[in-house]
Amino acid sequence: MLPDEKSDTKYAKVLDGKIYYFCCARCLTKFSEDPAKYIAEMHNRATVYVSADTPAPGQAVPSVSEVISDVAGSGKAEPPLTDEERIWRFIGYFHPLLVHFPIALVFTAALAEFFLAFTGRRFFAPVSLFAIRFAGVIILFTAFSGWVAASGGGEATPGSTDWILEWHRWLGIGTASFTVLVAVVSLWITQESERLFYRWLLYLAAAAVGVTGHFGGMLVYGQNYFRW
């Protein structure tokens with residue numbers, strides 16, 4: 001920490017048994033992207049700056065588990081909320097729970113359609129149709145809960161940045177809308193030419209899900225989480 005900044009126990013990272021505190025989410029994100037770089041800089045500095053939150057001599061040092069609990073907010077009193085605010089926050093909590101289902105379903109539908117085109121086995125046709133239609137339903141709830149969470153109804157991700165969150169929320173709405181469109185198109189497939197049109201729409205939906213999921217990954221794991 002710099003001498004004019006104060007660390008906050010909300011923003012902490014446990015790495016190799018050591019606890020690193022930060023002043024804000026942005027600093028935590030930067031550190032998480034390349035911990036070795038910043039740890040080396042810390043050791044190379046001639047002056048070691050001590051945070052105002054550093055325990056005084058003789059004062060008990062919190063354990064790693066205590067810090068993790070503190071970071072999670074279990075020991076902090078939350079600000080008073082109205083019943084309506086609690087309801088919206090509760091809805092936002094469902095996004096991480098629901099989001100994996102439409103992702104898996106859309107990719108399952110796309111893979112089934114690919115195998116149908118590649119092998120010609122009709123076994124894959126109903127698999128594709130069922131998966132995309134189920135995805136078209138559940139993705140509506142996923143997008144809605146995600147929008148609520150991004151609007152402040154749920155807990156903000158500590159490592160997030162505003163522009164990533166905005167891209168993720170709008171891509172999520174666009175992907176959800178497009179997936180519903182593909183599901184509706186699947187209801188009117190009667191000829192092979194129509195199946196081909198549906199197939200390419202499905203591939204585009206799978207690509208959109210992948211891009212949206214990538215921005216979701218950056219929210220959770222940092223901007224450079226997906227690298228070689």
# chains A, B, ... in the order shown; residues from 1 in each chain; ligands from 1
$ residues_around --residues "Gly222 of chain A" --least-positions-apart "4" --cutoff "12 Å" --atoms "only C-alpha atoms" --output "MDAnalysis selection string"
chainID A and resid 25:35 157:161 164:165 214:218 226:227
$ closest_residue --among "A:Val180, A:Tyr20, A:Leu219, A:Glu113" --to "Phe197 of chain A" --atoms "only C-alpha atoms"
A:Glu113
$ closest_residue --among "A:Leu171, A:Leu81, A:Ile138, A:Ala110" --to "Tyr198 of chain A" --atoms "only C-alpha atoms"
A:Ala110
$ atom_distance --atom1 "atom CA of Trp170 of chain A" --atom2 "atom CA of Thr142 of chain A"
13.0 Å
$ residues_around --residues "Leu181 of chain A" --least-positions-apart "4" --cutoff "9 Å" --atoms "only C-alpha atoms" --output "list in words"
Gly136, Ala176, Ser177, Val185, Ser186 and Leu201 of chain A
$ residues_around --residues "Leu129 of chain A" --least-positions-apart "4" --cutoff "9 Å" --atoms "only C-alpha atoms" --output "mmCIF file with C-alpha atoms, in the first residue's frame"
data_model
loop_
_atom_site.group_PDB
_atom_site.id
_atom_site.type_symbol
_atom_site.label_atom_id
_atom_site.label_comp_id
_atom_site.auth_asym_id
_atom_site.auth_seq_id
_atom_site.Cartn_x
_atom_site.Cartn_y
_atom_site.Cartn_z
ATOM 1 C CA ALA A 109 -27.833 -28.136 -29.348
ATOM 2 C CA ALA A 112 -26.039 -32.253 -31.844
ATOM 3 C CA GLU A 113 -26.790 -30.266 -34.985
ATOM 4 C CA PHE A 124 -29.318 -36.079 -33.120
ATOM 5 C CA ALA A 125 -32.251 -34.064 -34.535
ATOM 6 C CA ARG A 133 -36.043 -24.865 -26.849
ATOM 7 C CA PHE A 134 -35.218 -25.558 -23.215
ATOM 8 C CA ALA A 183 -35.762 -21.541 -30.391
ATOM 9 C CA SER A 186 -36.880 -24.439 -34.478
ATOM 10 C CA LEU A 187 -40.662 -24.774 -34.072
#
$ residues_around --residues "Arg169 of chain A" --least-positions-apart "6" --cutoff "8 Å" --atoms "only C-alpha atoms" --output "JSON, numbers by chain"
{"A": [146, 147, 150]}
$ write_last_selection --atoms "N, CA and C atoms" --output "JSON list (two decimals), in the first residue's frame"
[["chain", "number", "residue", "atom", "x", "y", "z"],
["A", 146, "GLY", "N", -29.48, -11.63, -14.30],
["A", 146, "GLY", "CA", -28.19, -10.98, -14.54],
["A", 146, "GLY", "C", -28.31, -9.48, -14.67],
["A", 147, "TRP", "N", -29.37, -9.02, -15.33],
["A", 147, "TRP", "CA", -29.60, -7.58, -15.46],
["A", 147, "TRP", "C", -29.85, -6.95, -14.10],
["A", 150, "ALA", "N", -26.51, -6.79, -12.25],
["A", 150, "ALA", "CA", -25.65, -5.74, -12.79],
["A", 150, "ALA", "C", -26.15, -4.35, -12.44]]
$ atom_distance --atom1 "atom CA of Gln191 of chain A" --atom2 "atom CA of Ala131 of chain A"
19.7 Å
$ atom_distance --atom1 "atom CA of Pro102 of chain A" --atom2 "atom CA of Ile139 of chain A"
5.6 Å
$ decode --residues "segment 20-41 of chain A" --atoms "N, CA and C atoms" --output "mmCIF file, in the first residue's frame"
data_model
loop_
_atom_site.group_PDB
_atom_site.id
_atom_site.type_symbol
_atom_site.label_atom_id
_atom_site.label_comp_id
_atom_site.auth_asym_id
_atom_site.auth_seq_id
_atom_site.Cartn_x
_atom_site.Cartn_y
_atom_site.Cartn_z
ATOM 1 N N TYR A 20 -2.742 -10.491 1.217
ATOM 2 C CA TYR A 20 -2.424 -9.207 0.607
ATOM 3 C C TYR A 20 -3.677 -8.340 0.633
ATOM 4 N N TYR A 21 -3.539 -7.155 1.210
ATOM 5 C CA TYR A 21 -4.665 -6.230 1.312
ATOM 6 C C TYR A 21 -4.530 -5.116 0.269
ATOM 7 N N PHE A 22 -5.681 -4.597 -0.174
ATOM 8 C CA PHE A 22 -5.694 -3.545 -1.197
ATOM 9 C C PHE A 22 -6.692 -2.468 -0.806
ATOM 10 N N CYS A 23 -6.538 -1.320 -1.437
ATOM 11 C CA CYS A 23 -7.406 -0.193 -1.104
ATOM 12 C C CYS A 23 -8.728 -0.240 -1.853
ATOM 13 N N CYS A 24 -8.747 -0.915 -3.013
ATOM 14 C CA CYS A 24 -9.951 -0.893 -3.838
ATOM 15 C C CYS A 24 -9.983 -2.117 -4.744
ATOM 16 N N ALA A 25 -11.107 -2.316 -5.428
ATOM 17 C CA ALA A 25 -11.276 -3.467 -6.309
ATOM 18 C C ALA A 25 -10.333 -3.409 -7.498
ATOM 19 N N ARG A 26 -10.064 -2.201 -8.004
ATOM 20 C CA ARG A 26 -9.202 -2.074 -9.177
ATOM 21 C C ARG A 26 -7.783 -2.573 -8.885
ATOM 22 N N CYS A 27 -7.269 -2.221 -7.712
ATOM 23 C CA CYS A 27 -5.926 -2.669 -7.343
ATOM 24 C C CYS A 27 -5.891 -4.184 -7.156
ATOM 25 N N LEU A 28 -6.944 -4.724 -6.569
ATOM 26 C CA LEU A 28 -7.027 -6.166 -6.398
ATOM 27 C C LEU A 28 -7.039 -6.878 -7.745
ATOM 28 N N THR A 29 -7.776 -6.321 -8.701
ATOM 29 C CA THR A 29 -7.841 -6.918 -10.035
ATOM 30 C C THR A 29 -6.488 -6.899 -10.710
ATOM 31 N N LYS A 30 -5.803 -5.758 -10.644
ATOM 32 C CA LYS A 30 -4.481 -5.643 -11.262
ATOM 33 C C LYS A 30 -3.519 -6.648 -10.655
ATOM 34 N N PHE A 31 -3.530 -6.784 -9.339
ATOM 35 C CA PHE A 31 -2.654 -7.732 -8.668
ATOM 36 C C PHE A 31 -2.977 -9.167 -9.093
ATOM 37 N N SER A 32 -4.272 -9.496 -9.201
ATOM 38 C CA SER A 32 -4.688 -10.855 -9.531
ATOM 39 C C SER A 32 -4.278 -11.254 -10.942
ATOM 40 N N GLU A 33 -4.135 -10.268 -11.830
ATOM 41 C CA GLU A 33 -3.752 -10.570 -13.199
ATOM 42 C C GLU A 33 -2.313 -11.069 -13.292
ATOM 43 N N ASP A 34 -1.439 -10.563 -12.444
ATOM 44 C CA ASP A 34 -0.032 -10.972 -12.485
ATOM 45 C C ASP A 34 0.582 -10.800 -11.101
ATOM 46 N N PRO A 35 0.264 -11.684 -10.149
ATOM 47 C CA PRO A 35 0.757 -11.516 -8.778
ATOM 48 C C PRO A 35 2.270 -11.481 -8.684
ATOM 49 N N ALA A 36 2.951 -12.339 -9.476
ATOM 50 C CA ALA A 36 4.410 -12.416 -9.384
ATOM 51 C C ALA A 36 5.066 -11.074 -9.697
ATOM 52 N N LYS A 37 4.514 -10.346 -10.649
ATOM 53 C CA LYS A 37 5.069 -9.056 -11.039
ATOM 54 C C LYS A 37 5.037 -8.070 -9.876
ATOM 55 N N TYR A 38 3.883 -7.986 -9.201
ATOM 56 C CA TYR A 38 3.729 -6.994 -8.139
ATOM 57 C C TYR A 38 4.427 -7.425 -6.852
ATOM 58 N N ILE A 39 4.497 -8.724 -6.621
ATOM 59 C CA ILE A 39 5.232 -9.201 -5.451
ATOM 60 C C ILE A 39 6.718 -8.884 -5.611
ATOM 61 N N ALA A 40 7.226 -9.060 -6.847
ATOM 62 C CA ALA A 40 8.631 -8.729 -7.100
ATOM 63 C C ALA A 40 8.885 -7.241 -6.898
ATOM 64 N N GLU A 41 7.940 -6.406 -7.319
ATOM 65 C CA GLU A 41 8.096 -4.962 -7.134
ATOM 66 C C GLU A 41 8.117 -4.609 -5.649
#
